[in-house]
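> Below you'll find model09.cif; it's mmCIF, C-alpha atoms.
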```
data_final
loop_
_atom_site.group_PDB
_atom_site.id
_atom_site.type_symbol
_atom_site.label_atom_id
_atom_site.label_comp_id
_atom_site.auth_asym_id
_atom_site.auth_seq_id
_atom_site.Cartn_x
_atom_site.Cartn_y
_atom_site.Cartn_z
ATOM 1 C CA MET A 1 130.109 87.645 98.572
ATOM 2 C CA SER A 2 131.844 85.101 96.343
ATOM 3 C CA LYS A 3 134.358 82.945 98.241
ATOM 4 C CA ASP A 4 136.906 83.196 95.423
ATOM 5 C CA ARG A 5 137.583 86.873 96.067
ATOM 6 C CA PRO A 6 140.783 87.106 98.114
ATOM 7 C CA VAL A 7 141.825 89.292 101.000
ATOM 8 C CA LEU A 8 145.057 91.154 100.240
ATOM 9 C CA VAL A 9 147.414 91.445 103.223
ATOM 10 C CA LEU A 10 150.111 94.093 102.786
ATOM 11 C CA THR A 11 152.881 93.503 105.300
ATOM 12 C CA CYS A 12 156.483 92.429 105.767
ATOM 13 C CA VAL A 13 157.658 88.826 106.047
ATOM 14 C CA ASP A 14 158.130 88.942 109.825
ATOM 15 C CA ASP A 15 154.705 89.965 111.099
ATOM 16 C CA PRO A 16 153.176 87.490 113.603
ATOM 17 C CA THR A 17 150.047 89.622 113.928
ATOM 18 C CA SER A 18 149.245 89.172 110.250
ATOM 19 C CA ASP A 19 150.117 85.481 110.554
ATOM 20 C CA VAL A 20 147.285 84.818 112.997
ATOM 21 C CA VAL A 21 144.767 86.782 110.921
ATOM 22 C CA ILE A 22 145.731 84.878 107.779
ATOM 23 C CA HIS A 23 145.449 81.584 109.675
ATOM 24 C CA GLU A 24 141.956 82.523 110.843
ATOM 25 C CA LEU A 25 140.872 83.499 107.322
ATOM 26 C CA ASN A 26 142.277 80.247 105.933
ATOM 27 C CA ASN A 27 140.289 78.292 108.514
ATOM 28 C CA ARG A 28 137.167 80.078 107.279
ATOM 29 C CA GLY A 29 137.922 79.169 103.679
ATOM 30 C CA VAL A 30 138.633 82.780 102.712
ATOM 31 C CA PRO A 31 141.470 83.051 100.141
ATOM 32 C CA VAL A 32 144.372 85.315 101.089
ATOM 33 C CA VAL A 33 147.238 86.846 99.109
ATOM 34 C CA ARG A 34 150.094 88.173 101.206
ATOM 35 C CA CYS A 35 152.425 90.745 99.699
ATOM 36 C CA ASP A 36 155.160 93.143 100.753
ATOM 37 C CA PRO A 37 155.033 96.067 98.275
ATOM 38 C CA ALA A 38 158.763 96.698 98.803
ATOM 39 C CA ASP A 39 159.479 93.369 97.096
ATOM 40 C CA VAL A 40 159.032 95.181 93.798
ATOM 41 C CA LEU A 41 162.612 96.426 94.291
ATOM 42 C CA ALA A 42 163.938 92.951 95.068
ATOM 43 C CA CYS A 43 162.655 91.255 91.898
ATOM 44 C CA ARG A 44 160.183 89.217 93.969
ATOM 45 C CA LEU A 45 157.062 91.026 92.785
ATOM 46 C CA ASP A 46 155.694 91.811 89.325
ATOM 47 C CA VAL A 47 153.012 94.474 88.933
ATOM 48 C CA ALA A 48 151.171 95.865 85.920
ATOM 49 C CA ALA A 49 148.242 98.274 85.782
ATOM 50 C CA CYS A 50 146.758 100.059 82.752
ATOM 51 C CA PHE A 51 144.791 103.295 82.813
ATOM 52 C CA GLY A 52 142.594 104.994 80.223
ATOM 53 C CA GLY A 53 139.882 103.609 77.956
ATOM 54 C CA ASP A 54 138.457 100.294 79.106
ATOM 55 C CA ALA A 55 141.655 99.192 80.837
ATOM 56 C CA ARG A 56 141.380 96.748 83.740
ATOM 57 C CA ALA A 57 142.763 97.406 87.205
ATOM 58 C CA GLY A 58 145.822 95.214 86.619
ATOM 59 C CA TYR A 59 147.542 92.386 88.429
ATOM 60 C CA LEU A 60 150.089 91.640 91.101
ATOM 61 C CA GLN A 61 152.307 88.555 90.845
ATOM 62 C CA THR A 62 154.167 87.274 93.903
ATOM 63 C CA GLU A 63 156.552 84.336 93.855
ATOM 64 C CA SER A 64 153.599 81.987 94.407
ATOM 65 C CA ARG A 65 150.352 83.769 93.568
ATOM 66 C CA ARG A 66 148.847 85.966 90.864
ATOM 67 C CA LEU A 67 146.208 88.464 91.985
ATOM 68 C CA ASP A 68 143.684 90.284 89.809
ATOM 69 C CA LEU A 69 143.486 93.661 91.559
ATOM 70 C CA SER A 70 139.864 94.120 90.511
ATOM 71 C CA ALA A 71 138.900 90.948 92.400
ATOM 72 C CA VAL A 72 140.183 91.975 95.850
ATOM 73 C CA ARG A 73 137.585 91.567 98.587
ATOM 74 C CA SER A 74 139.377 93.640 101.240
ATOM 75 C CA VAL A 75 142.850 94.878 102.159
ATOM 76 C CA TYR A 76 144.664 94.514 105.481
ATOM 77 C CA TYR A 77 147.355 97.214 105.486
ATOM 78 C CA ARG A 78 149.598 96.170 108.350
ATOM 79 C CA ARG A 79 153.325 96.665 108.316
ATOM 80 C CA PRO A 80 154.943 96.727 104.858
ATOM 81 C CA SER A 81 158.701 97.185 104.621
ATOM 82 C CA SER A 82 160.314 100.466 103.664
ATOM 83 C CA TYR A 83 161.383 100.681 100.038
ATOM 84 C CA ALA A 84 165.106 99.878 99.754
ATOM 85 C CA ALA A 85 167.161 100.365 96.604
ATOM 86 C CA PRO A 86 168.665 97.278 94.957
ATOM 87 C CA ARG A 87 172.241 96.537 95.981
ATOM 88 C CA GLY A 88 174.976 97.951 93.818
ATOM 89 C CA MET A 89 173.115 101.078 92.749
ATOM 90 C CA SER A 90 174.670 104.487 93.156
ATOM 91 C CA VAL A 91 173.167 106.775 95.781
ATOM 92 C CA GLN A 92 171.426 108.854 93.105
ATOM 93 C CA ASP A 93 170.109 105.851 91.179
ATOM 94 C CA GLY A 94 168.975 104.244 94.405
ATOM 95 C CA ARG A 95 167.063 107.351 95.422
ATOM 96 C CA PHE A 96 165.389 107.494 92.015
ATOM 97 C CA SER A 97 164.511 103.794 92.157
ATOM 98 C CA ARG A 98 162.961 104.067 95.621
ATOM 99 C CA GLU A 99 160.840 107.081 94.727
ATOM 100 C CA GLN A 100 159.561 105.467 91.515
ATOM 101 C CA ALA A 101 158.633 102.295 93.367
ATOM 102 C CA LYS A 102 157.001 104.159 96.247
ATOM 103 C CA HIS A 103 154.815 106.350 94.064
ATOM 104 C CA GLY A 104 154.046 103.651 91.510
ATOM 105 C CA MET A 105 153.110 100.969 94.023
ATOM 106 C CA GLY A 106 151.372 103.381 96.382
ATOM 107 C CA GLY A 107 149.167 104.774 93.646
ATOM 108 C CA ILE A 108 148.264 101.382 92.172
ATOM 109 C CA LEU A 109 147.447 99.804 95.522
ATOM 110 C CA ALA A 110 145.473 102.821 96.753
ATOM 111 C CA ASN A 111 143.111 102.408 93.801
ATOM 112 C CA ILE A 112 142.029 98.940 94.918
ATOM 113 C CA ARG A 113 138.314 99.002 95.637
ATOM 114 C CA GLY A 114 136.896 97.235 98.657
ATOM 115 C CA ARG A 115 137.226 97.545 102.408
ATOM 116 C CA TRP A 116 140.593 98.696 103.742
ATOM 117 C CA VAL A 117 141.810 98.152 107.289
ATOM 118 C CA ASN A 118 143.130 100.835 107.106
ATOM 119 C CA HIS A 119 143.373 102.631 103.778
ATOM 120 C CA ILE A 120 146.946 103.620 103.020
ATOM 121 C CA TRP A 121 146.205 107.348 102.599
ATOM 122 C CA ARG A 122 144.017 107.526 105.707
ATOM 123 C CA ALA A 123 146.666 105.719 107.734
ATOM 124 C CA ILE A 124 149.401 108.077 106.586
ATOM 125 C CA GLU A 125 147.329 111.144 107.467
ATOM 126 C CA ALA A 126 146.642 109.774 110.939
ATOM 127 C CA GLU A 127 150.338 109.064 111.658
ATOM 128 C CA PHE A 128 151.215 112.685 112.402
ATOM 129 C CA LYS A 129 151.228 113.382 116.137
ATOM 130 C CA PRO A 130 150.228 117.076 115.866
ATOM 131 C CA THR A 131 147.170 116.093 113.813
ATOM 132 C CA GLN A 132 146.339 113.332 116.285
ATOM 133 C CA LEU A 133 146.553 115.733 119.210
ATOM 134 C CA ALA A 134 144.294 118.297 117.551
ATOM 135 C CA VAL A 135 141.640 115.766 116.573
ATOM 136 C CA ALA A 136 141.783 114.006 119.956
ATOM 137 C CA GLY A 137 140.915 117.234 121.711
ATOM 138 C CA GLU A 138 138.138 118.026 119.233
ATOM 139 C CA VAL A 139 136.381 114.657 119.695
ATOM 140 C CA GLY A 140 136.358 114.880 123.475
ATOM 141 C CA PHE A 141 139.423 113.072 124.839
ATOM 142 C CA ALA A 142 141.316 114.497 127.808
ATOM 143 C CA VAL A 143 144.636 115.419 126.177
ATOM 144 C CA PRO A 144 147.809 116.232 128.169
ATOM 145 C CA LYS A 145 149.330 119.667 127.676
ATOM 146 C CA THR A 146 151.815 119.218 124.853
ATOM 147 C CA LEU A 147 154.509 121.304 123.196
ATOM 148 C CA ILE A 148 156.062 120.479 119.820
ATOM 149 C CA THR A 149 159.034 122.703 119.125
ATOM 150 C CA ASN A 150 162.667 123.133 118.091
ATOM 151 C CA ASN A 151 163.052 126.267 120.242
ATOM 152 C CA LEU A 152 165.084 125.893 123.422
ATOM 153 C CA ASP A 153 163.485 128.834 125.219
ATOM 154 C CA ALA A 154 160.001 127.523 124.467
ATOM 155 C CA ALA A 155 160.974 124.092 125.793
ATOM 156 C CA ARG A 156 162.448 125.555 128.984
ATOM 157 C CA ASP A 157 159.398 127.751 129.578
ATOM 158 C CA PHE A 158 157.128 124.721 129.101
ATOM 159 C CA ALA A 159 159.179 122.661 131.554
ATOM 160 C CA LYS A 160 159.059 125.490 134.081
ATOM 161 C CA ASP A 161 155.279 125.861 133.751
ATOM 162 C CA GLN A 162 154.511 122.112 133.942
ATOM 163 C CA GLY A 163 156.956 121.167 136.657
ATOM 164 C CA GLN A 164 157.585 117.669 135.304
ATOM 165 C CA ILE A 165 157.581 116.816 131.620
ATOM 166 C CA ILE A 166 158.247 113.836 129.399
ATOM 167 C CA TYR A 167 159.742 113.443 125.927
ATOM 168 C CA LYS A 168 158.410 111.058 123.302
ATOM 169 C CA PRO A 169 159.361 110.645 119.642
ATOM 170 C CA LEU A 170 157.093 112.184 117.026
ATOM 171 C CA GLN A 171 157.613 109.064 114.927
ATOM 172 C CA ASN A 172 159.291 105.746 115.604
ATOM 173 C CA SER A 173 162.452 105.333 113.541
ATOM 174 C CA GLU A 174 164.519 102.270 112.698
ATOM 175 C CA LEU A 175 167.550 102.847 114.941
ATOM 176 C CA THR A 176 170.357 100.427 115.776
ATOM 177 C CA ARG A 177 173.101 100.260 118.381
ATOM 178 C CA ALA A 178 176.763 99.864 117.522
ATOM 179 C CA ASP A 179 176.359 96.081 117.915
ATOM 180 C CA GLY A 180 173.551 96.038 115.357
ATOM 181 C CA ASN A 181 170.732 95.432 117.840
ATOM 182 C CA ALA A 182 167.617 97.563 117.709
ATOM 183 C CA LEU A 183 167.664 100.831 119.640
ATOM 184 C CA MET A 184 164.426 102.096 121.164
ATOM 185 C CA VAL A 185 163.696 105.642 122.295
ATOM 186 C CA TRP A 186 161.369 105.265 125.255
ATOM 187 C CA THR A 187 158.931 107.803 126.604
ATOM 188 C CA ASP A 188 160.904 109.253 129.503
ATOM 189 C CA LEU A 189 161.069 112.069 132.016
ATOM 190 C CA VAL A 190 163.053 115.163 131.066
ATOM 191 C CA SER A 191 164.644 117.447 133.641
ATOM 192 C CA PRO A 192 165.091 121.165 132.827
ATOM 193 C CA GLY A 193 168.857 120.703 133.020
ATOM 194 C CA GLU A 194 168.766 118.233 130.138
ATOM 195 C CA LEU A 195 167.309 120.823 127.768
ATOM 196 C CA ASP A 196 170.201 122.289 125.810
ATOM 197 C CA GLU A 197 171.057 123.654 122.377
ATOM 198 C CA SER A 198 170.478 120.246 120.786
ATOM 199 C CA VAL A 199 166.741 120.994 120.988
ATOM 200 C CA SER A 200 167.217 123.292 117.988
ATOM 201 C CA LEU A 201 168.483 120.462 115.762
ATOM 202 C CA THR A 202 165.066 118.952 115.068
ATOM 203 C CA MET A 203 161.451 118.921 116.250
ATOM 204 C CA HIS A 204 160.637 117.506 119.680
ATOM 205 C CA LEU A 205 157.451 116.548 121.499
ATOM 206 C CA PHE A 206 157.309 117.471 125.183
ATOM 207 C CA GLN A 207 154.294 116.713 127.325
ATOM 208 C CA GLU A 208 153.113 117.151 130.876
ATOM 209 C CA CYS A 209 153.669 114.006 132.929
ATOM 210 C CA VAL A 210 150.338 112.393 133.754
ATOM 211 C CA ASP A 211 150.068 111.246 137.380
ATOM 212 C CA LYS A 212 148.853 107.793 136.402
ATOM 213 C CA VAL A 213 148.168 104.546 138.240
ATOM 214 C CA ALA A 214 148.113 102.348 135.114
ATOM 215 C CA ASP A 215 147.858 102.390 131.332
ATOM 216 C CA VAL A 216 145.151 101.138 128.984
ATOM 217 C CA ARG A 217 145.363 99.891 125.413
ATOM 218 C CA THR A 218 141.969 100.198 123.731
ATOM 219 C CA THR A 219 141.785 98.433 120.377
ATOM 220 C CA VAL A 220 138.908 99.316 118.080
ATOM 221 C CA ILE A 221 138.209 96.786 115.322
ATOM 222 C CA GLY A 222 135.210 97.870 113.288
ATOM 223 C CA ASP A 223 132.258 97.963 115.670
ATOM 224 C CA GLN A 224 134.039 96.048 118.419
ATOM 225 C CA ILE A 225 136.107 97.626 121.180
ATOM 226 C CA PHE A 226 138.541 95.838 123.483
ATOM 227 C CA SER A 227 140.241 97.540 126.428
ATOM 228 C CA VAL A 228 143.093 96.060 128.455
ATOM 229 C CA ARG A 229 144.545 97.566 131.614
ATOM 230 C CA ILE A 230 148.351 97.448 131.687
ATOM 231 C CA ASP A 231 150.181 97.675 135.018
ATOM 232 C CA SER A 232 153.933 98.240 135.030
ATOM 233 C CA PRO A 233 156.546 99.806 137.329
ATOM 234 C CA TYR A 234 157.869 101.838 134.382
ATOM 235 C CA LEU A 235 156.682 105.101 132.905
ATOM 236 C CA ASP A 236 156.864 103.385 129.508
ATOM 237 C CA TRP A 237 155.613 99.827 130.070
ATOM 238 C CA ARG A 238 157.306 98.596 126.853
ATOM 239 C CA GLN A 239 160.698 98.738 128.597
ATOM 240 C CA ASP A 240 160.173 95.342 130.256
ATOM 241 C CA TYR A 241 157.273 93.126 129.246
ATOM 242 C CA ASP A 242 158.213 90.604 131.945
ATOM 243 C CA GLN A 243 157.079 93.060 134.620
ATOM 244 C CA VAL A 244 153.731 93.876 132.972
ATOM 245 C CA THR A 245 150.360 92.490 134.054
ATOM 246 C CA TYR A 246 147.183 92.645 132.003
ATOM 247 C CA ALA A 247 143.456 92.660 132.701
ATOM 248 C CA ALA A 248 140.500 93.113 130.387
ATOM 249 C CA VAL A 249 138.375 96.085 131.496
ATOM 250 C CA ASP A 250 135.173 97.758 130.403
ATOM 251 C CA THR A 251 135.511 100.808 128.199
ATOM 252 C CA PRO A 252 133.708 103.870 129.630
ATOM 253 C CA PRO A 253 130.884 105.022 127.321
ATOM 254 C CA GLN A 254 132.448 108.449 126.818
ATOM 255 C CA ILE A 255 135.715 106.833 125.735
ATOM 256 C CA THR A 256 133.877 104.499 123.358
ATOM 257 C CA ASP A 257 132.073 107.444 121.775
ATOM 258 C CA ALA A 258 135.246 109.513 121.460
ATOM 259 C CA CYS A 259 137.125 106.579 119.882
ATOM 260 C CA ARG A 260 134.412 106.185 117.257
ATOM 261 C CA ARG A 261 134.380 109.924 116.515
ATOM 262 C CA TYR A 262 138.167 109.935 116.232
ATOM 263 C CA LEU A 263 138.304 107.060 113.741
ATOM 264 C CA ALA A 264 135.398 108.489 111.748
ATOM 265 C CA ARG A 265 137.257 111.798 111.386
ATOM 266 C CA PHE A 266 140.133 109.951 109.697
ATOM 267 C CA GLY A 267 138.039 107.375 107.833
ATOM 268 C CA LEU A 268 139.589 104.466 109.758
ATOM 269 C CA LEU A 269 138.183 101.073 110.781
ATOM 270 C CA PHE A 270 140.988 100.099 113.155
ATOM 271 C CA GLY A 271 142.815 101.995 115.858
ATOM 272 C CA ALA A 272 145.002 101.078 118.841
ATOM 273 C CA PHE A 273 144.492 103.831 121.429
ATOM 274 C CA ASP A 274 146.775 104.355 124.419
ATOM 275 C CA PHE A 275 145.547 105.963 127.627
ATOM 276 C CA GLY A 276 146.804 106.618 131.123
ATOM 277 C CA ILE A 277 144.466 106.145 134.107
ATOM 278 C CA GLY A 278 144.769 109.101 136.443
ATOM 279 C CA GLN A 279 144.635 108.995 140.233
ATOM 280 C CA ASP A 280 140.943 109.968 140.005
ATOM 281 C CA GLY A 281 140.167 107.132 137.563
ATOM 282 C CA SER A 282 139.927 109.367 134.497
ATOM 283 C CA TRP A 283 141.325 108.181 131.160
ATOM 284 C CA VAL A 284 143.909 110.499 129.599
ATOM 285 C CA TRP A 285 144.561 110.090 125.876
ATOM 286 C CA TYR A 286 148.145 109.535 124.685
ATOM 287 C CA GLU A 287 147.982 108.506 121.034
ATOM 288 C CA CYS A 288 146.369 106.277 118.430
ATOM 289 C CA ASN A 289 148.337 103.852 116.257
ATOM 290 C CA THR A 290 146.577 102.886 113.018
ATOM 291 C CA GLY A 291 148.680 99.735 112.677
ATOM 292 C CA GLY A 292 149.287 98.975 116.332
ATOM 293 C CA GLN A 293 150.021 95.577 117.829
ATOM 294 C CA TRP A 294 147.145 93.760 119.495
ATOM 295 C CA HIS A 295 147.586 89.991 119.259
ATOM 296 C CA TRP A 296 149.732 89.664 122.402
ATOM 297 C CA LEU A 297 146.847 91.186 124.351
ATOM 298 C CA GLU A 298 144.526 88.486 123.035
ATOM 299 C CA LEU A 299 146.980 85.840 124.233
ATOM 300 C CA GLU A 300 147.131 87.500 127.673
ATOM 301 C CA THR A 301 143.394 88.062 128.129
ATOM 302 C CA GLY A 302 141.497 85.766 125.770
ATOM 303 C CA LEU A 303 139.698 88.683 124.102
ATOM 304 C CA PRO A 304 138.498 87.557 120.608
ATOM 305 C CA MET A 305 140.418 90.130 118.624
ATOM 306 C CA THR A 306 141.635 87.895 115.804
ATOM 307 C CA ALA A 307 138.068 86.835 115.067
ATOM 308 C CA ALA A 308 136.941 90.469 115.072
ATOM 309 C CA LEU A 309 139.644 91.408 112.567
ATOM 310 C CA ALA A 310 138.840 88.431 110.350
ATOM 311 C CA ASP A 311 135.124 89.350 110.456
ATOM 312 C CA LEU A 312 135.983 92.819 109.219
ATOM 313 C CA LEU A 313 138.072 91.495 106.340
ATOM 314 C CA GLU A 314 135.782 88.621 105.398
ATOM 315 C CA ILE A 315 132.802 90.980 104.915
ATOM 316 C CA ARG A 316 130.156 88.319 105.366
#
```
For this file, produce the structure as structure tokens.

Amino acid sequence: MSKDRPVLVLTCVDDPTSDVVIHELNNRGVPVVRCDPADVLACRLDVAACFGGDARAGYLQTESRRLDLSAVRSVYYRRPSSYAAPRGMSVQDGRFSREQAKHGMGGILANIRGRWVNHIWRAIEAEFKPTQLAVAGEVGFAVPKTLITNNLDAARDFAKDQGQIIYKPLQNSELTRADGNALMVWTDLVSPGELDESVSLTMHLFQECVDKVADVRTTVIGDQIFSVRIDSPYLDWRQDYDQVTYAAVDTPPQITDACRRYLARFGLLFGAFDFGIGQDGSWVWYECNTGGQWHWLELETGLPMTAALADLLEIR
């Protein structure tokens, strides 16, 4: 493949994971164009695409680079910003502006030919926890008993049947504390007494509590699979990274096969799978993040994950 065909990296400004991939591609002499699609609303990105007749795919102009969309080698869809209306707009105008940008940019970018890691539409489909749970069971993972509901009686009956349950968000949201710092909603135990009428205000995900001895993050990058055991005193190990220890482990063949079937069902080339290791050594599936973090695990274990990602994008 011609070396002048760039890799397009779609992500926000503050994304260290993309930084290391771009650095690796630069070291290999592979050109890269980095872009945050949301910049179209901040006057930092010009886009034009024509359709019909013999029209070309169009171009994308950042503050420093111009990209012919028909020349893209591959796309790394990582962590683009949410579309935010320009300052000073009314609420109605801002809503209109965001929707036009979202649908215009999304449609233009989705038409880029070449390898996607992962394609925007496939990634969106695979974000929904109920869909993940259904597919995970179908491909052979051990899936915890799970209830998704806004019905208080259903939640109380589930808690009574399972004995001990946990709550986890159906989707991570950008939340802040009163002081402006980020607010995280951790996976946590829920007692029956905590279930009240507020359950009816939105959808909730409740799950049986797995009697685990450790967690595992299994990162699939194309044909390569990397599993890291994560030991922590917390139910949700993300609560304190200073108390976490890591160790690279072999991935059981049945887990490898199920991971590949799962990604194939969604048309994905990358997936960050989370598991719990039960008292009997079995791996219990929790979720799969199509844009999950992985680089810190490479730093902790030495697993060659950056090189694997760059291989996938370089398409040698």
> Which residues, named as in the file, does the PyMOL selection byres ((chain A and resi 143) around 9) pick out? Answer as a ChimeraX atom specification.
/A:133,136-137,140-142,144-146,284-286
> Starting from the displayed file, determine the output of the PyMOL selection byres ((chain A and resi 264) around 12) and express the residue list as a PyMOL selection string.
chain A and resi 118+122+126+135-136+139+220+222-223+257-263+265-271
> Selected by the PyMOL selection byres ((chain A and resi 111) around 12) in the shown coordinates: which residues, as a list in words?
Ala49, Cys50, Phe51, Arg56, Ala57, Gly58, Leu69, Ser70, Val72, Val75, Gly104, Met105, Gly106, Gly107, Ile108, Leu109, Ala110, Ile112, Arg113, Gly114, Arg115, Trp116, His119, Ile120 and Trp121 of chain A
> Quick one: residues within 9 Å of Leu60 of chain A, all atoms listed in the file counted, chain neighbours fewer than 5 positions away excluded, as JSON, numbers by chain?
{"A": [35, 45, 46, 47, 48, 49, 65, 66, 67, 68, 69]}
> If we count only C-alpha atoms and set the cut-off at 10 Å, which residues sit around Glu314 of chain A, ignoring sequence neighbours fewer than 5 positions away in its own chain? Please answer as a PyMOL selection string.
chain A and resi 1+3+5-7+25+28-31+73-75+115+308-309
> May I have the residues within 10 Å of segment 200-210 of chain A as a PyMOL selection string, using only C-alpha atoms and disregarding those fewer than 3 positions away in the same chain?
chain A and resi 129-130+143-153+155+158-159+161-171+187-190+196-197+213+235+276-279+284+286
> Show me, as a PDB file with C-alpha atoms, in the frame of the given file, the residues that have an atom within 7 Å of Ile230 of chain A when counting only C-alpha atoms, minus same-chain residues fewer than 5 positions from it.

```pdb
ATOM      1  CA  ALA A 214     148.113 102.348 135.114  1.00  0.00           C
ATOM      2  CA  ASP A 215     147.858 102.390 131.332  1.00  0.00           C
ATOM      3  CA  VAL A 216     145.151 101.138 128.984  1.00  0.00           C
ATOM      4  CA  VAL A 244     153.731  93.876 132.972  1.00  0.00           C
ATOM      5  CA  THR A 245     150.360  92.490 134.054  1.00  0.00           C
ATOM      6  CA  TYR A 246     147.183  92.645 132.003  1.00  0.00           C
ATOM      7  CA  ALA A 247     143.456  92.660 132.701  1.00  0.00           C
TER       8      ALA A 247
END
```
> Could you work out how far atom CA of Trp294 of chain A lies from atom CA of Arg44 of chain A, giving the answer in Å with one decimal?
29.0 Å
> Dig up all the protein and nucleic acid residues within 8 Å of (142.3, 95.0, 120.3) in the file frame, using all atoms listed in the file, and format them as a PyMOL selection string.
chain A and resi 217-221+225-227+272+294-295+297-298+303+305
> From the set A:Tyr241, A:Tyr59, A:Phe273, A:Phe96, which residue has the shortest atom-to-atom contact distance to Asn289 of chain A, counting all atoms listed in the file?
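Counting all atoms listed in the file, the residue closest to Asn289 of chain A is A:Phe273.
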> Could you give me, as a list in words, the residues within 9 Å of Thr11 of chain A, counting only C-alpha atoms and dropping anything in the same chain fewer than 2 positions from it?
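Neighbouring residues, sequence-local ones excluded: Val9, Val13, Asp14, Asp15, Ser18, Arg34, Cys35, Asp36, Pro37, Tyr76, Tyr77, Arg78, Arg79, Pro80 and Ser81 of chain A.
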> Can you measure atom CA of Pro192 of chain A to atom CA of Tyr234 of chain A for me? One decimal in Å is fine.
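Atom-to-atom, atom CA of Pro192 of chain A and atom CA of Tyr234 of chain A are spaced 20.7 Å apart.
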> Just give me the gap between atom CA of Glu127 of chain A and atom CA of Cys288 of chain A in Å, one decimal is fine.
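Interatomic distance, atom CA of Glu127 of chain A to atom CA of Cys288 of chain A: 8.3 Å.
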> Starting from the sparse input, extend segment 193-198 of chain A to all heavy atoms and give the output as a PDB file, in the coordinates of the input.

```
ATOM      1  N   GLY A 193     167.432 120.646 133.284  1.00  0.00           N
ATOM      2  CA  GLY A 193     168.857 120.703 133.020  1.00  0.00           C
ATOM      3  C   GLY A 193     169.282 119.932 131.784  1.00  0.00           C
ATOM      4  O   GLY A 193     170.376 120.155 131.244  1.00  0.00           O
ATOM      5  N   GLU A 194     168.440 119.012 131.335  1.00  0.00           N
ATOM      6  CA  GLU A 194     168.766 118.233 130.138  1.00  0.00           C
ATOM      7  C   GLU A 194     168.442 118.983 128.852  1.00  0.00           C
ATOM      8  O   GLU A 194     168.860 118.572 127.770  1.00  0.00           O
ATOM      9  CB  GLU A 194     168.003 116.910 130.146  1.00  0.00           C
ATOM     10  CG  GLU A 194     168.421 115.948 131.239  1.00  0.00           C
ATOM     11  CD  GLU A 194     167.599 114.677 131.222  1.00  0.00           C
ATOM     12  OE1 GLU A 194     166.463 114.706 131.748  1.00  0.00           O
ATOM     13  OE2 GLU A 194     168.076 113.665 130.683  1.00  0.00           O
ATOM     14  N   LEU A 195     167.698 120.058 128.952  1.00  0.00           N
ATOM     15  CA  LEU A 195     167.309 120.823 127.768  1.00  0.00           C
ATOM     16  C   LEU A 195     168.459 121.754 127.382  1.00  0.00           C
ATOM     17  O   LEU A 195     168.782 122.692 128.110  1.00  0.00           O
ATOM     18  CB  LEU A 195     166.041 121.633 128.062  1.00  0.00           C
ATOM     19  CG  LEU A 195     164.797 120.805 128.395  1.00  0.00           C
ATOM     20  CD1 LEU A 195     163.663 121.707 128.876  1.00  0.00           C
ATOM     21  CD2 LEU A 195     164.350 119.989 127.187  1.00  0.00           C
ATOM     22  N   ASP A 196     169.075 121.475 126.253  1.00  0.00           N
ATOM     23  CA  ASP A 196     170.201 122.289 125.810  1.00  0.00           C
ATOM     24  C   ASP A 196     170.046 122.644 124.334  1.00  0.00           C
ATOM     25  O   ASP A 196     168.988 122.442 123.741  1.00  0.00           O
ATOM     26  CB  ASP A 196     171.527 121.565 126.070  1.00  0.00           C
ATOM     27  CG  ASP A 196     171.590 120.205 125.377  1.00  0.00           C
ATOM     28  OD1 ASP A 196     170.906 120.006 124.352  1.00  0.00           O
ATOM     29  OD2 ASP A 196     172.324 119.319 125.859  1.00  0.00           O
ATOM     30  N   GLU A 197     171.124 123.154 123.745  1.00  0.00           N
ATOM     31  CA  GLU A 197     171.057 123.654 122.377  1.00  0.00           C
ATOM     32  C   GLU A 197     170.694 122.574 121.347  1.00  0.00           C
ATOM     33  O   GLU A 197     170.271 122.888 120.233  1.00  0.00           O
ATOM     34  CB  GLU A 197     172.398 124.288 121.984  1.00  0.00           C
ATOM     35  CG  GLU A 197     172.681 125.638 122.647  1.00  0.00           C
ATOM     36  CD  GLU A 197     173.006 125.525 124.132  1.00  0.00           C
ATOM     37  OE1 GLU A 197     173.305 124.393 124.605  1.00  0.00           O
ATOM     38  OE2 GLU A 197     172.954 126.557 124.840  1.00  0.00           O
ATOM     39  N   SER A 198     170.828 121.319 121.728  1.00  0.00           N
ATOM     40  CA  SER A 198     170.478 120.246 120.786  1.00  0.00           C
ATOM     41  C   SER A 198     168.984 120.239 120.461  1.00  0.00           C
ATOM     42  O   SER A 198     168.577 119.653 119.454  1.00  0.00           O
ATOM     43  CB  SER A 198     170.895 118.887 121.346  1.00  0.00           C
ATOM     44  OG  SER A 198     170.195 118.596 122.540  1.00  0.00           O
TER      45      SER A 198
END
```
